[in-house]
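Participant: For reference, this is final32.cif, and it has mmCIF, C-alpha atoms and all ligand atoms.
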data_final
#
loop_
_atom_site.label_atom_id
_atom_site.label_comp_id
_atom_site.auth_asym_id
_atom_site.auth_seq_id
_atom_site.Cartn_x
_atom_site.Cartn_y
_atom_site.Cartn_z
CA MET F 1 0.00 0.00 0.00
CA ILE F 2 1.26 3.47 -0.89
CA GLU F 3 1.42 5.72 2.13
CA TYR F 4 3.33 8.68 0.75
CA ARG F 5 1.28 11.72 -0.19
CA ASN F 6 0.35 12.26 -3.84
CA LEU F 7 3.01 14.15 -5.75
CA ARG F 8 1.83 17.10 -7.81
CA VAL F 9 3.03 16.99 -11.41
CA ALA F 10 2.82 20.15 -13.54
CA ILE F 11 3.32 19.79 -17.28
CA LEU F 12 4.47 22.80 -19.30
CA GLY F 13 3.55 22.29 -22.95
CA GLY F 14 0.64 20.46 -24.54
CA GLY F 15 2.24 19.51 -27.85
CA SER F 16 2.63 15.94 -29.03
CA VAL F 17 4.97 14.95 -26.17
CA GLY F 18 3.16 16.91 -23.44
CA ALA F 19 -0.24 15.53 -24.41
CA GLN F 20 1.12 11.97 -24.45
CA VAL F 21 2.79 12.40 -21.06
CA ALA F 22 -0.45 13.73 -19.52
CA SER F 23 -2.52 11.01 -21.11
CA LEU F 24 -0.20 8.13 -20.12
CA LEU F 25 0.20 9.48 -16.57
CA ILE F 26 -3.56 9.49 -16.18
CA GLU F 27 -4.14 6.16 -17.95
CA HIS F 28 -1.36 4.24 -16.14
CA GLY F 29 -1.57 6.23 -12.90
CA ASP F 30 -1.96 3.23 -10.56
CA GLU F 31 0.89 1.24 -12.06
CA LEU F 32 3.24 4.22 -12.14
CA ALA F 33 2.30 5.08 -8.55
CA ALA F 34 3.16 1.53 -7.50
CA ARG F 35 6.55 1.83 -9.16
CA ALA F 36 7.21 5.31 -7.80
CA GLY F 37 5.95 4.68 -4.28
CA ALA F 38 3.69 7.73 -4.48
CA GLY F 39 0.62 8.74 -6.40
CA LEU F 40 1.30 11.04 -9.34
CA GLU F 41 -1.36 13.69 -9.72
CA VAL F 42 -1.35 15.77 -12.91
CA VAL F 43 -2.28 19.19 -11.56
CA GLY F 44 -2.33 20.96 -14.91
CA VAL F 45 -0.94 21.32 -18.40
CA ALA F 46 0.20 24.83 -19.36
CA VAL F 47 -0.47 25.63 -23.01
CA ARG F 48 -0.48 28.73 -25.21
CA ASP F 49 -4.02 28.14 -26.47
CA VAL F 50 -6.47 25.98 -24.53
CA ASN F 51 -8.64 25.58 -27.65
CA ALA F 52 -5.87 24.38 -29.97
CA LYS F 53 -6.54 21.09 -31.76
CA ARG F 54 -4.51 18.18 -30.34
CA ASP F 55 -3.84 14.65 -31.66
CA THR F 56 -4.03 13.34 -28.10
CA ASP F 57 -6.78 14.79 -25.92
CA ILE F 58 -5.95 16.41 -22.61
CA PRO F 59 -8.88 16.71 -20.14
CA ALA F 60 -10.12 20.29 -20.51
CA HIS F 61 -10.05 21.03 -16.76
CA LEU F 62 -6.27 20.49 -16.74
CA LEU F 63 -5.50 23.05 -19.43
CA THR F 64 -4.29 26.48 -18.36
CA THR F 65 -2.37 29.36 -19.89
CA ASP F 66 -0.97 30.35 -16.49
CA ALA F 67 2.28 28.39 -16.33
CA GLU F 68 3.73 30.37 -13.44
CA SER F 69 0.83 29.57 -11.08
CA LEU F 70 1.05 25.92 -12.07
CA ILE F 71 4.76 25.80 -11.22
CA LEU F 72 4.13 27.14 -7.70
CA GLY F 73 3.18 24.26 -5.48
CA ALA F 74 4.23 21.50 -7.90
CA ASP F 75 6.57 18.74 -6.69
CA ILE F 76 7.61 17.79 -10.20
CA VAL F 77 7.63 20.20 -13.17
CA VAL F 78 7.85 18.73 -16.65
CA GLU F 79 9.09 21.27 -19.21
CA LEU F 80 8.12 20.31 -22.76
CA ILE F 81 7.78 23.65 -24.50
CA GLY F 82 11.26 23.67 -26.06
CA GLY F 83 13.37 26.69 -27.04
CA ILE F 84 15.26 28.98 -24.69
CA GLU F 85 12.67 31.40 -23.28
CA PRO F 86 10.39 31.17 -21.39
CA ALA F 87 11.63 27.59 -20.78
CA ARG F 88 14.83 28.73 -19.01
CA THR F 89 12.97 31.12 -16.69
CA TRP F 90 10.29 28.58 -15.83
CA ILE F 91 12.84 25.82 -15.15
CA LEU F 92 14.72 28.19 -12.84
CA GLN F 93 11.49 29.19 -11.07
CA ALA F 94 10.56 25.54 -10.60
CA LEU F 95 13.99 24.56 -9.27
CA GLN F 96 14.15 27.59 -6.97
CA SER F 97 10.79 26.57 -5.51
CA GLY F 98 12.33 23.16 -4.70
CA ALA F 99 10.59 21.14 -7.41
CA ASP F 100 12.42 18.52 -9.43
CA VAL F 101 12.39 19.38 -13.12
CA ILE F 102 12.19 17.08 -16.10
CA THR F 103 13.00 18.52 -19.50
CA ALA F 104 13.30 17.26 -23.05
CA ASN F 105 14.77 20.60 -24.09
CA LYS F 106 18.22 20.15 -25.65
CA ALA F 107 18.47 23.84 -26.62
CA VAL F 108 18.11 25.14 -23.07
CA LEU F 109 20.48 22.48 -21.70
CA ALA F 110 23.15 23.05 -24.35
CA ASN F 111 22.98 26.83 -23.90
CA HIS F 112 22.28 27.20 -20.18
CA GLY F 113 23.07 23.80 -18.63
CA PRO F 114 25.55 25.03 -15.97
CA GLU F 115 23.15 27.75 -14.75
CA LEU F 116 20.28 25.25 -14.47
CA PHE F 117 22.36 22.52 -12.80
CA ASP F 118 23.71 25.09 -10.32
CA ALA F 119 20.17 26.22 -9.50
CA ALA F 120 19.16 22.62 -8.86
CA GLU F 121 22.18 22.01 -6.62
CA GLN F 122 21.54 25.15 -4.58
CA VAL F 123 18.22 23.81 -3.35
CA GLY F 124 18.98 20.07 -3.53
CA ALA F 125 16.54 19.50 -6.38
CA GLN F 126 17.29 17.43 -9.47
CA LEU F 127 17.12 18.19 -13.17
CA TYR F 128 16.35 15.12 -15.31
CA TYR F 129 16.73 15.13 -19.12
CA GLU F 130 16.63 11.60 -20.52
CA ALA F 131 14.41 12.74 -23.41
CA ALA F 132 16.71 15.58 -24.52
CA VAL F 133 19.00 13.30 -26.54
CA GLY F 134 17.82 10.37 -28.63
CA GLY F 135 14.09 10.60 -27.73
CA ALA F 136 13.06 7.21 -26.37
CA ILE F 137 16.61 5.81 -26.25
CA PRO F 138 18.03 5.45 -22.73
CA ILE F 139 21.41 7.18 -23.07
CA ILE F 140 21.59 9.85 -20.35
CA ARG F 141 21.16 7.40 -17.47
CA PRO F 142 23.59 4.84 -18.96
CA LEU F 143 26.25 7.56 -19.31
CA ARG F 144 25.58 9.10 -15.91
CA ASP F 145 24.93 5.98 -13.84
CA SER F 146 25.68 2.68 -15.57
CA LEU F 147 29.04 3.90 -16.91
CA ALA F 148 29.92 6.01 -13.85
CA GLY F 149 32.63 3.50 -12.95
CA ASP F 150 34.13 3.34 -16.42
CA ARG F 151 35.96 5.82 -18.63
CA VAL F 152 34.12 6.81 -21.79
CA MET F 153 36.66 7.35 -24.55
CA ARG F 154 34.49 8.15 -27.53
CA ILE F 155 30.88 8.53 -28.62
CA LEU F 156 29.71 8.30 -32.22
CA GLY F 157 26.06 9.30 -32.41
CA ILE F 158 23.37 9.42 -35.04
CA VAL F 159 21.30 11.85 -33.00
CA ASN F 160 19.18 13.51 -35.66
CA GLY F 161 16.45 11.43 -37.22
CA THR F 162 15.56 13.87 -40.01
CA THR F 163 19.05 13.87 -41.49
CA ASN F 164 19.44 10.13 -41.04
CA TYR F 165 16.17 9.67 -42.91
CA ILE F 166 17.36 11.94 -45.74
CA LEU F 167 20.80 10.29 -46.07
CA ASP F 168 19.25 6.83 -45.87
CA ARG F 169 16.79 7.68 -48.68
CA MET F 170 19.67 9.00 -50.79
CA ASP F 171 21.63 5.81 -50.16
CA VAL F 172 19.03 3.05 -50.23
CA HIS F 173 16.44 4.58 -52.61
CA GLY F 174 18.66 6.79 -54.77
CA ASP F 175 16.72 9.99 -53.92
CA SER F 176 18.28 13.42 -54.37
CA PHE F 177 18.67 15.57 -51.25
CA GLY F 178 15.64 17.65 -52.33
CA GLU F 179 13.40 14.62 -52.90
CA ALA F 180 14.41 13.06 -49.58
CA LEU F 181 13.85 16.33 -47.71
CA MET F 182 10.38 16.69 -49.24
CA ASP F 183 9.55 13.19 -48.11
CA ALA F 184 10.88 13.87 -44.60
CA THR F 185 8.68 16.98 -44.43
CA ARG F 186 5.61 15.08 -45.66
CA LEU F 187 6.15 12.43 -42.97
CA GLY F 188 6.50 15.07 -40.26
CA TYR F 189 10.19 14.38 -39.49
CA ALA F 190 11.47 17.69 -40.89
CA GLU F 191 10.14 21.06 -39.76
CA ALA F 192 8.82 23.61 -42.29
CA ASP F 193 12.22 25.27 -41.80
CA PRO F 194 14.63 22.31 -41.73
CA THR F 195 17.75 24.41 -41.00
CA ALA F 196 18.26 23.18 -37.41
CA ASP F 197 18.34 19.58 -38.58
CA VAL F 198 20.13 19.72 -41.95
CA GLU F 199 22.74 22.26 -40.84
CA GLY F 200 23.59 20.19 -37.76
CA PHE F 201 22.47 22.68 -35.07
CA ASP F 202 20.17 20.13 -33.42
CA ALA F 203 22.90 17.47 -33.42
CA ALA F 204 25.46 19.97 -32.08
CA GLN F 205 23.24 20.71 -29.05
CA LYS F 206 22.99 16.99 -28.37
CA ALA F 207 26.76 16.58 -28.82
CA ALA F 208 27.37 19.29 -26.20
CA ILE F 209 25.05 17.49 -23.76
CA LEU F 210 26.59 14.03 -24.37
CA ALA F 211 30.19 15.27 -24.20
CA SER F 212 29.58 17.18 -20.96
CA LEU F 213 28.04 14.13 -19.35
CA ALA F 214 30.46 11.52 -20.68
CA PHE F 215 33.63 13.44 -19.85
CA HIS F 216 32.53 15.11 -16.57
CA THR F 217 33.38 18.43 -18.18
CA THR F 218 31.31 21.43 -19.22
CA VAL F 219 31.39 21.46 -23.03
CA PRO F 220 29.84 24.73 -24.22
CA LEU F 221 27.76 24.67 -27.38
CA ASP F 222 30.03 27.16 -29.12
CA ALA F 223 32.96 24.76 -28.68
CA VAL F 224 31.19 22.12 -30.78
CA TYR F 225 32.49 22.06 -34.36
CA ARG F 226 29.54 21.87 -36.76
CA GLU F 227 29.07 21.12 -40.44
CA GLY F 228 25.65 20.28 -41.81
CA MET F 229 24.84 17.71 -44.48
CA THR F 230 23.41 19.92 -47.24
CA SER F 231 26.65 19.68 -49.23
CA VAL F 232 26.48 15.85 -49.41
CA THR F 233 25.70 14.95 -53.01
CA HIS F 234 23.94 11.99 -54.49
CA GLU F 235 27.20 11.16 -56.32
CA GLN F 236 29.11 11.05 -53.03
CA VAL F 237 26.56 8.70 -51.50
CA VAL F 238 26.67 6.37 -54.52
CA ALA F 239 30.48 6.39 -54.61
CA ALA F 240 30.58 5.74 -50.87
CA ARG F 241 28.46 2.61 -51.17
CA LYS F 242 30.60 1.30 -54.02
CA ALA F 243 33.66 1.75 -51.82
CA GLY F 244 32.01 -0.03 -48.85
CA TYR F 245 30.75 2.95 -46.85
CA THR F 246 27.56 4.81 -46.08
CA VAL F 247 27.32 8.53 -45.32
CA LYS F 248 25.94 9.50 -41.89
CA LEU F 249 25.69 12.80 -40.04
CA LEU F 250 27.62 12.00 -36.87
CA ALA F 251 27.96 13.68 -33.51
CA ILE F 252 31.42 12.69 -32.28
CA CYS F 253 32.60 13.28 -28.73
CA GLU F 254 36.05 12.05 -27.76
CA ARG F 255 38.99 12.31 -25.45
CA LEU F 256 42.13 13.32 -27.28
CA VAL F 257 45.64 14.63 -26.89
CA ASP F 258 46.72 17.58 -29.01
CA ALA F 259 49.70 16.26 -30.99
CA GLU F 260 51.55 19.57 -30.93
CA THR F 261 51.04 20.74 -27.37
CA GLY F 262 50.53 17.40 -25.63
CA VAL F 263 47.44 18.90 -23.91
CA GLU F 264 44.88 16.24 -22.91
CA GLY F 265 41.32 17.30 -23.51
CA VAL F 266 38.03 16.50 -25.14
CA SER F 267 36.29 17.53 -28.31
CA ALA F 268 32.80 17.48 -29.75
CA ARG F 269 31.97 17.80 -33.42
CA VAL F 270 29.15 17.25 -35.89
CA HIS F 271 29.74 16.58 -39.57
CA PRO F 272 28.89 14.11 -42.33
CA ALA F 273 31.23 11.12 -42.38
CA LEU F 274 31.79 7.88 -44.22
CA VAL F 275 31.01 4.92 -41.98
CA PRO F 276 32.09 1.39 -43.05
CA LEU F 277 29.12 -0.75 -44.04
CA ASP F 278 30.03 -3.35 -41.40
CA HIS F 279 29.94 -0.80 -38.55
CA PRO F 280 26.78 -1.09 -36.37
CA LEU F 281 25.92 2.56 -37.12
CA ALA F 282 25.65 1.74 -40.84
CA ALA F 283 22.61 -0.40 -40.02
CA VAL F 284 20.69 2.55 -38.54
CA HIS F 285 18.05 3.28 -41.16
CA GLY F 286 15.17 5.69 -41.55
CA ALA F 287 14.62 8.28 -38.85
CA ASN F 288 16.10 6.10 -36.10
CA ASN F 289 18.87 7.30 -33.81
CA ALA F 290 21.77 5.38 -32.31
CA VAL F 291 24.58 6.23 -29.93
CA PHE F 292 27.71 4.10 -30.15
CA VAL F 293 29.81 4.41 -27.00
CA GLU F 294 33.40 3.21 -26.60
CA ALA F 295 34.37 2.83 -22.95
CA GLU F 296 37.72 1.71 -21.55
CA ALA F 297 36.46 -1.34 -19.67
CA ALA F 298 33.04 -2.00 -21.19
CA GLY F 299 34.28 -1.82 -24.78
CA SER F 300 31.76 -0.93 -27.46
CA LEU F 301 28.08 -0.44 -26.63
CA MET F 302 25.28 0.72 -28.89
CA PHE F 303 22.00 2.33 -27.83
CA TYR F 304 19.43 2.32 -30.62
CA GLY F 305 15.82 3.31 -31.22
CA ALA F 306 13.33 6.06 -31.93
CA GLY F 307 14.93 9.48 -31.57
CA ALA F 308 11.71 11.46 -31.74
CA GLY F 309 7.93 11.06 -31.77
CA GLY F 310 5.32 12.05 -29.19
CA VAL F 311 4.67 8.74 -27.48
CA GLN F 312 8.26 7.51 -27.81
CA THR F 313 9.69 10.65 -26.23
CA ALA F 314 6.96 10.48 -23.57
CA SER F 315 8.40 7.10 -22.53
CA ALA F 316 11.70 8.76 -21.55
CA VAL F 317 9.88 11.61 -19.79
CA LEU F 318 7.72 9.20 -17.79
CA GLY F 319 10.82 7.28 -16.72
CA ASP F 320 12.23 10.54 -15.37
CA ILE F 321 8.95 11.31 -13.59
CA VAL F 322 9.06 7.94 -11.82
CA SER F 323 12.72 8.51 -10.86
CA ALA F 324 11.90 11.96 -9.50
CA ALA F 325 8.98 10.57 -7.51
CA ARG F 326 11.12 7.81 -6.02
CA ARG F 327 13.65 10.43 -4.92
CA HIS F 328 10.91 12.40 -3.18
CA VAL F 329 9.76 9.29 -1.36
CA VAL F 330 13.26 8.31 -0.25
CA GLY F 331 14.25 11.90 0.58
CA GLY F 332 17.62 13.63 0.46
CA PRO F 333 19.04 16.07 -2.05
CA GLY F 334 19.37 15.44 -5.77
CA VAL F 335 22.67 14.26 -7.22
CA ALA F 336 24.61 17.20 -8.67
CA GLU F 337 25.83 17.08 -12.26
CA SER F 338 29.44 15.88 -12.33
CA THR F 339 31.92 18.26 -13.93
CA HIS F 340 34.85 17.28 -11.71
CA ALA F 341 37.26 16.54 -14.58
CA ASN F 342 36.83 19.93 -16.23
CA LEU F 343 39.11 18.98 -19.12
CA PRO F 344 40.07 21.56 -21.75
CA VAL F 345 37.79 21.51 -24.78
CA LEU F 346 40.13 21.31 -27.76
CA PRO F 347 39.42 22.89 -31.15
CA MET F 348 38.70 20.98 -34.36
CA SER F 349 42.30 21.50 -35.53
CA SER F 350 43.47 19.18 -32.69
CA VAL F 351 41.21 16.31 -33.74
CA ASN F 352 42.63 13.22 -35.43
CA THR F 353 40.60 11.85 -38.29
CA ARG F 354 40.96 10.36 -41.77
CA TYR F 355 39.92 11.85 -45.07
CA GLN F 356 38.65 10.26 -48.23
CA ILE F 357 39.62 12.68 -51.01
CA THR F 358 38.35 12.32 -54.57
CA LEU F 359 40.34 14.24 -57.17
CA THR F 360 40.33 14.72 -60.92
CA VAL F 361 44.00 14.71 -61.89
CA LEU F 362 45.99 14.97 -65.10
CA ASP F 363 46.83 11.48 -66.35
CA GLU F 364 50.50 12.14 -67.09
CA PRO F 365 53.86 10.78 -65.93
CA GLY F 366 54.92 12.08 -62.52
CA VAL F 367 51.45 13.16 -61.37
CA LEU F 368 51.11 10.47 -58.71
CA ALA F 369 54.57 11.27 -57.39
CA THR F 370 53.68 14.98 -57.15
CA ILE F 371 50.46 14.19 -55.32
CA ALA F 372 52.17 11.77 -52.96
CA THR F 373 54.61 14.55 -52.02
CA LEU F 374 51.75 16.92 -51.18
CA PHE F 375 50.56 14.37 -48.61
CA SER F 376 53.96 13.41 -47.20
CA ASP F 377 55.12 17.05 -46.90
CA ARG F 378 52.28 17.60 -44.43
CA GLY F 379 52.92 14.42 -42.49
CA VAL F 380 49.81 12.70 -43.86
CA SER F 381 50.17 9.02 -44.65
CA VAL F 382 48.11 7.49 -47.47
CA GLU F 383 46.32 4.28 -46.54
CA GLY F 384 44.75 3.43 -49.90
CA LEU F 385 44.55 4.85 -53.37
CA SER F 386 42.54 3.89 -56.42
CA GLN F 387 42.65 5.40 -59.85
CA SER F 388 40.03 5.09 -62.56
CA VAL F 389 40.92 4.63 -66.21
CA ARG F 390 41.09 7.93 -68.08
CA ASP F 391 37.61 9.37 -67.75
CA GLY F 392 37.84 13.06 -68.62
CA GLY F 393 39.85 15.95 -69.96
CA ASP F 394 40.72 16.00 -73.68
CA ALA F 395 43.04 14.15 -76.04
CA GLU F 396 45.95 16.47 -75.19
CA ARG F 397 45.47 16.53 -71.45
CA PRO F 398 43.42 13.52 -70.37
CA THR F 399 42.32 13.25 -66.77
CA ALA F 400 41.55 10.39 -64.38
CA THR F 401 39.74 10.15 -61.06
CA LEU F 402 41.83 9.41 -58.01
CA VAL F 403 40.35 8.37 -54.66
CA VAL F 404 42.72 8.60 -51.70
CA ILE F 405 42.01 7.40 -48.17
CA THR F 406 44.46 8.63 -45.55
CA HIS F 407 45.60 7.13 -42.30
CA GLN F 408 44.64 9.06 -39.20
CA ALA F 409 46.21 12.49 -39.08
CA ALA F 410 45.60 15.83 -37.41
CA GLU F 411 42.65 17.67 -38.92
CA SER F 412 44.91 20.71 -39.46
CA SER F 413 47.36 18.63 -41.56
CA LEU F 414 44.55 17.04 -43.55
CA ALA F 415 42.92 20.39 -44.26
CA ALA F 416 46.30 21.82 -45.32
CA THR F 417 46.79 18.85 -47.66
CA VAL F 418 43.43 19.46 -49.32
CA ALA F 419 44.30 23.14 -49.79
CA ALA F 420 47.64 22.16 -51.37
CA LEU F 421 45.91 19.66 -53.67
CA ALA F 422 43.38 22.27 -54.78
CA ALA F 423 46.22 24.66 -55.67
CA SER F 424 48.35 22.07 -57.50
CA PRO F 425 48.66 22.34 -61.30
CA VAL F 426 48.33 18.54 -61.65
CA VAL F 427 44.91 18.56 -59.95
CA SER F 428 41.98 19.64 -62.17
CA SER F 429 39.51 19.60 -59.31
CA VAL F 430 38.91 18.38 -55.78
CA VAL F 431 35.63 16.52 -56.32
CA SER F 432 34.85 15.44 -52.78
CA VAL F 433 36.31 15.45 -49.30
CA LEU F 434 34.66 13.39 -46.59
CA ARG F 435 35.95 12.32 -43.21
CA VAL F 436 36.00 8.59 -42.48
CA GLU F 437 34.96 7.43 -38.99
CA GLY F 438 34.40 4.10 -37.29
CA LEU F 439 37.25 2.15 -38.87
N1 LIG G 501 14.42 17.19 -35.09
C1 LIG G 501 15.02 16.11 -34.36
C2 LIG G 501 15.32 14.97 -35.32
C3 LIG G 501 14.15 15.55 -33.28
O1 LIG G 501 15.03 15.03 -36.51
O2 LIG G 501 15.89 14.01 -34.85
C4 LIG G 501 14.19 16.35 -32.03
O3 LIG G 501 15.45 16.42 -31.47
#
Hey, can you dump this file as C-alpha cells for me?
Facilitator:
Amino acid sequence: MIEYRNLRVAILGGGSVGAQVASLLIEHGDELAARAGAGLEVVGVAVRDVNAKRDTDIPAHLLTTDAESLILGADIVVELIGGIEPARTWILQALQSGADVITANKAVLANHGPELFDAAEQVGAQLYYEAAVGGAIPIIRPLRDSLAGDRVMRILGIVNGTTNYILDRMDVHGDSFGEALMDATRLGYAEADPTADVEGFDAAQKAAILASLAFHTTVPLDAVYREGMTSVTHEQVVAARKAGYTVKLLAICERLVDAETGVEGVSARVHPALVPLDHPLAAVHGANNAVFVEAEAAGSLMFYGAGAGGVQTASAVLGDIVSAARRHVVGGPGVAESTHANLPVLPMSSVNTRYQITLTVLDEPGVLATIATLFSDRGVSVEGLSQSVRDGGDAERPTATLVVITHQAAESSLAATVAALAASPVVSSVVSVLRVEGL
C-alpha cells in the first residue's frame, strides 16, 4: 500500500509529447504510482491556447495558460515547450521553488546547462533530461549511472532522425537531397524550416550534452564544431556505397591529446562522415537514432531506437517522472551534475581523423609522385589509393579520377593537404572530401 502523499506533477507544454505524457500518466496512474511509491497527480498542463486542436486529448479542466501559477506548489515540473525562453525562466522558477524538473529541451540544456544545474544544486533539487537526446533511447542514465565506474573514450552518435532519414533515402532509394527532404517533411520528421536539422544545429546541441556528461566536463555549445549535411551529393553517397561505406551525419565526442602541445582534452563535433558498411551505425536506417559508446572497460556499446515522436519521447519523460517521484519518497538532495574533470575543450584542428579525397587529376607521368609529395610534406600518410581509367579531360590533357584514403592524421594537416591539392597544377579539381569514422 502506498502511504506517501500524492506528488503534484505540472506539465508545461501540450504539444505531441506533453499531451502523451499527460494522457499516459492518467491512464497508467496506478501502475506508475506503485513503481514510484507515491501517487502522481497531474495538476495541470500549461499551453499557449487551450482551444488548440490536439492529436491526443488532454482533459479540458487540466488546461491552463498560467504556467507560473502551475509551477508554484508542484513537486515535479515537466518542461516540454522547447526553445530557450520562457523555458529557461520557468525551469529556474521551478527549481528555486524546490521542485524537481524534467526537461526534453536540448536547446536550453546546451545553452544554459551550468546555470540550471547550479540552481538545482543550490536547493537540492534534481534536473532530469533523458528525453533531450535520442528521444526514447536510454542514453543519459547509462552515461551518468551505468558507466559512472568506467571511462568513456568516444561517442559516435546518429542523433538527428531527419538527417538520417534523408541520407538513408539518398543511399538506399537513390533519392536526391531535395526529394528526400520533401519526403521527410511530408512524414512530419522535418520542420517547415529544416535548418536546425540539416545544418547540424540540433545534433550539435545533443553533442554538447553528451560530451559534458560523458567526460565530466562542461562542453559549451560554441565549442562544438559543426558542419551540416546539405553539401552531401547523391554522387558522393553512390560512390561511398561502391567503396564499402555509407554517409551518416555523426555527432562525435572524444577524449584526445593535441599532438603539438601534448594537452589532454576532449572535443565534440558534428559533420557528415563515411562509416564502413560493417559498422553497427551503418545499419541505422530511416529516422532512427543510435549512440555508439566506446568505454575503456566496457568496450563498445550501442544504444538504438526512436529518436523522436510524441509517445516515444513520452516514454523517456515518464521514466524521469518515476525517478523523481522515487527520490521524493526516499528523501535527500538530488545528485549534482558531475563536472569534476573539467578537461580543456580542444578545437577541431586538434582532432585526429581520416579523409577520403576524390580528385580529378591529369593522367600524365609524374602526377602520382607529385600528389604523394603533397601528402607526405604535411605528415599525412596514405592508406589506400585507387585510380580510374582515363575518364575526362581531352586528347591532349586527359584526366583520371583518383580516390585517396588517408591514415589518421591531425585535422589541421589534412585540411592543409586538401588546400595544397586544390592549388596544385596537376589537380583539375577536388571533387569530394569526406571524413572517415568508425574504422
Ligand atoms: N528534429 C530532431 C530529429 C528531433 O530530426 O531528430 C528532435 O530532437
Participant: List every residue of chain F that has an atom at most 6 Å from any atom of ligand LIG 501 (chain G), and for each one report the closest atom pair and its distance in Å to one decimal, counting only C-alpha atoms and all ligand atoms, with rows sorted by chain and then by increasing residue number, as a tab-separated table.
Facilitator:
residue	atom	partner	partner_atom	distance
F:Asn160	CA	G:LIG501	O2	3.4
F:Gly161	CA	G:LIG501	O2	3.5
F:Thr162	CA	G:LIG501	O1	3.7
F:Tyr189	CA	G:LIG501	O1	5.7
F:Asp197	CA	G:LIG501	N1	5.8
F:Gly307	CA	G:LIG501	O2	5.7
F:Ala308	CA	G:LIG501	C3	5.0
Participant: May I have the residues from that selection written out with C-alpha atoms, as a short mmCIF file (atom, residue, chain, number, x, y, z; two decimals), in the frame of the given file?
Facilitator:
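For reference, result32.cif as written:
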data_model
loop_
_atom_site.label_atom_id
_atom_site.label_comp_id
_atom_site.auth_asym_id
_atom_site.auth_seq_id
_atom_site.Cartn_x
_atom_site.Cartn_y
_atom_site.Cartn_z
CA ASN F 160 19.18 13.51 -35.66
CA GLY F 161 16.45 11.43 -37.22
CA THR F 162 15.56 13.87 -40.01
CA TYR F 189 10.19 14.38 -39.49
CA ASP F 197 18.34 19.58 -38.58
CA GLY F 307 14.93 9.48 -31.57
CA ALA F 308 11.71 11.46 -31.74
#
Participant: Taking all atoms listed in the file into account, which of F:Leu92, F:Val270, F:Leu318, F:Val133 comes nearest Lys106 in chain F?
Facilitator: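 Of F:Leu92, F:Val270, F:Leu318, F:Val133, the one nearest Lys106 in chain F is F:Val133, counting all atoms listed in the file.
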Participant: Can you pull out the residues contacting Glu130 in chain F? Cut-off 10 Å, using all atoms listed in the file, and skip same-chain residues under 5 positions away; I want them as a list of chain:residue names.
Facilitator: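 The contact residues come out as F:Ile102, F:Thr103, F:Ala104, F:Asn105, F:Gly135, F:Ala136, F:Ile137, F:Pro138, F:Ile139, F:Ile140, F:Arg141, F:Pro142, F:Thr313, F:Ser315, F:Ala316, F:Val317, F:Leu318, F:Gly319, F:Asp320.
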Participant: May I have the residues within 12 Å of Glu3 in chain F as a PyMOL selection string, using all atoms listed in the file and disregarding those fewer than 4 positions away in the same chain?
Facilitator: chain F and resi 7+33-34+36-39+329
Participant: Could those selected residues go to a file with C-alpha atoms, as a PDB file, in the frame of the given file?
Facilitator:
ATOM      1  CA  LEU F   7       3.010  14.150  -5.750  1.00  0.00           C
ATOM      2  CA  ALA F  33       2.300   5.080  -8.550  1.00  0.00           C
ATOM      3  CA  ALA F  34       3.160   1.530  -7.500  1.00  0.00           C
ATOM      4  CA  ALA F  36       7.210   5.310  -7.800  1.00  0.00           C
ATOM      5  CA  GLY F  37       5.950   4.680  -4.280  1.00  0.00           C
ATOM      6  CA  ALA F  38       3.690   7.730  -4.480  1.00  0.00           C
ATOM      7  CA  GLY F  39       0.620   8.740  -6.400  1.00  0.00           C
ATOM      8  CA  VAL F 329       9.760   9.290  -1.360  1.00  0.00           C
TER       9      VAL F 329
END
Participant: Considering all atoms listed in the file, state which residue in the set F:Ser267, F:Ser212, F:Thr233, F:Thr261 is at the smallest distance from Leu109 in chain F.
Facilitator: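 Looking at the shortest contact to Leu109 in chain F, the residue is F:Ser212.
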Participant: Between F:Ala314, F:Ile76, F:Val247, F:Ala211, which residue has the minimum interatomic distance to Val293 in chain F, considering only C-alpha atoms?
Facilitator: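 Among F:Ala314, F:Ile76, F:Val247, F:Ala211, it is F:Ala211 that comes nearest to Val293 in chain F.
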Participant: Once you count all atoms listed in the file, what closest atom pair and distance in Å to one decimal does each residue of range 271-367 of chain F within 12 Å of range 167-182 of chain F have, with rows by chain and rising residue number, as a tab-separated table?
Facilitator:
residue	atom	partner	partner_atom	distance
F:Pro272	CA	F:Leu167	CA	9.7
F:Ala273	CA	F:Leu167	CA	11.1
F:Leu274	CA	F:Leu167	CA	11.4
F:Leu277	CA	F:Asp171	CA	11.7
F:Leu281	CA	F:Asp168	CA	11.8
F:Ala282	CA	F:Asp168	CA	9.6
F:Ala283	CA	F:Asp168	CA	9.9
F:Val284	CA	F:Asp168	CA	8.6
F:His285	CA	F:Asp168	CA	6.0
F:Gly286	CA	F:Asp168	CA	6.1
F:Ala287	CA	F:Asp168	CA	8.5
F:Asn288	CA	F:Asp168	CA	10.3
Participant: Write to file, as a PDB file, in the frame of the given file, the residues of the selection just made, with C-alpha atoms.
Facilitator:
ATOM      1  CA  PRO F 272      28.890  14.110 -42.330  1.00  0.00           C
ATOM      2  CA  ALA F 273      31.230  11.120 -42.380  1.00  0.00           C
ATOM      3  CA  LEU F 274      31.790   7.880 -44.220  1.00  0.00           C
ATOM      4  CA  LEU F 277      29.120  -0.750 -44.040  1.00  0.00           C
ATOM      5  CA  LEU F 281      25.920   2.560 -37.120  1.00  0.00           C
ATOM      6  CA  ALA F 282      25.650   1.740 -40.840  1.00  0.00           C
ATOM      7  CA  ALA F 283      22.610  -0.400 -40.020  1.00  0.00           C
ATOM      8  CA  VAL F 284      20.690   2.550 -38.540  1.00  0.00           C
ATOM      9  CA  HIS F 285      18.050   3.280 -41.160  1.00  0.00           C
ATOM     10  CA  GLY F 286      15.170   5.690 -41.550  1.00  0.00           C
ATOM     11  CA  ALA F 287      14.620   8.280 -38.850  1.00  0.00           C
ATOM     12  CA  ASN F 288      16.100   6.100 -36.100  1.00  0.00           C
TER      13      ASN F 288
END
Participant: Within 9 Å of range 352-375 of chain F, which residues of range 208-259 of chain F show up? Give each one with its shortest atom-to-atom distance in Å (one decimal) and the two atoms involved, counting only C-alpha atoms, rows by chain then rising residue number, as a tab-separated table.
Facilitator:
residue	atom	partner	partner_atom	distance
F:Leu256	CA	F:Asn352	CA	8.2
F:Asp258	CA	F:Asn352	CA	8.8
F:Ala259	CA	F:Asn352	CA	8.9
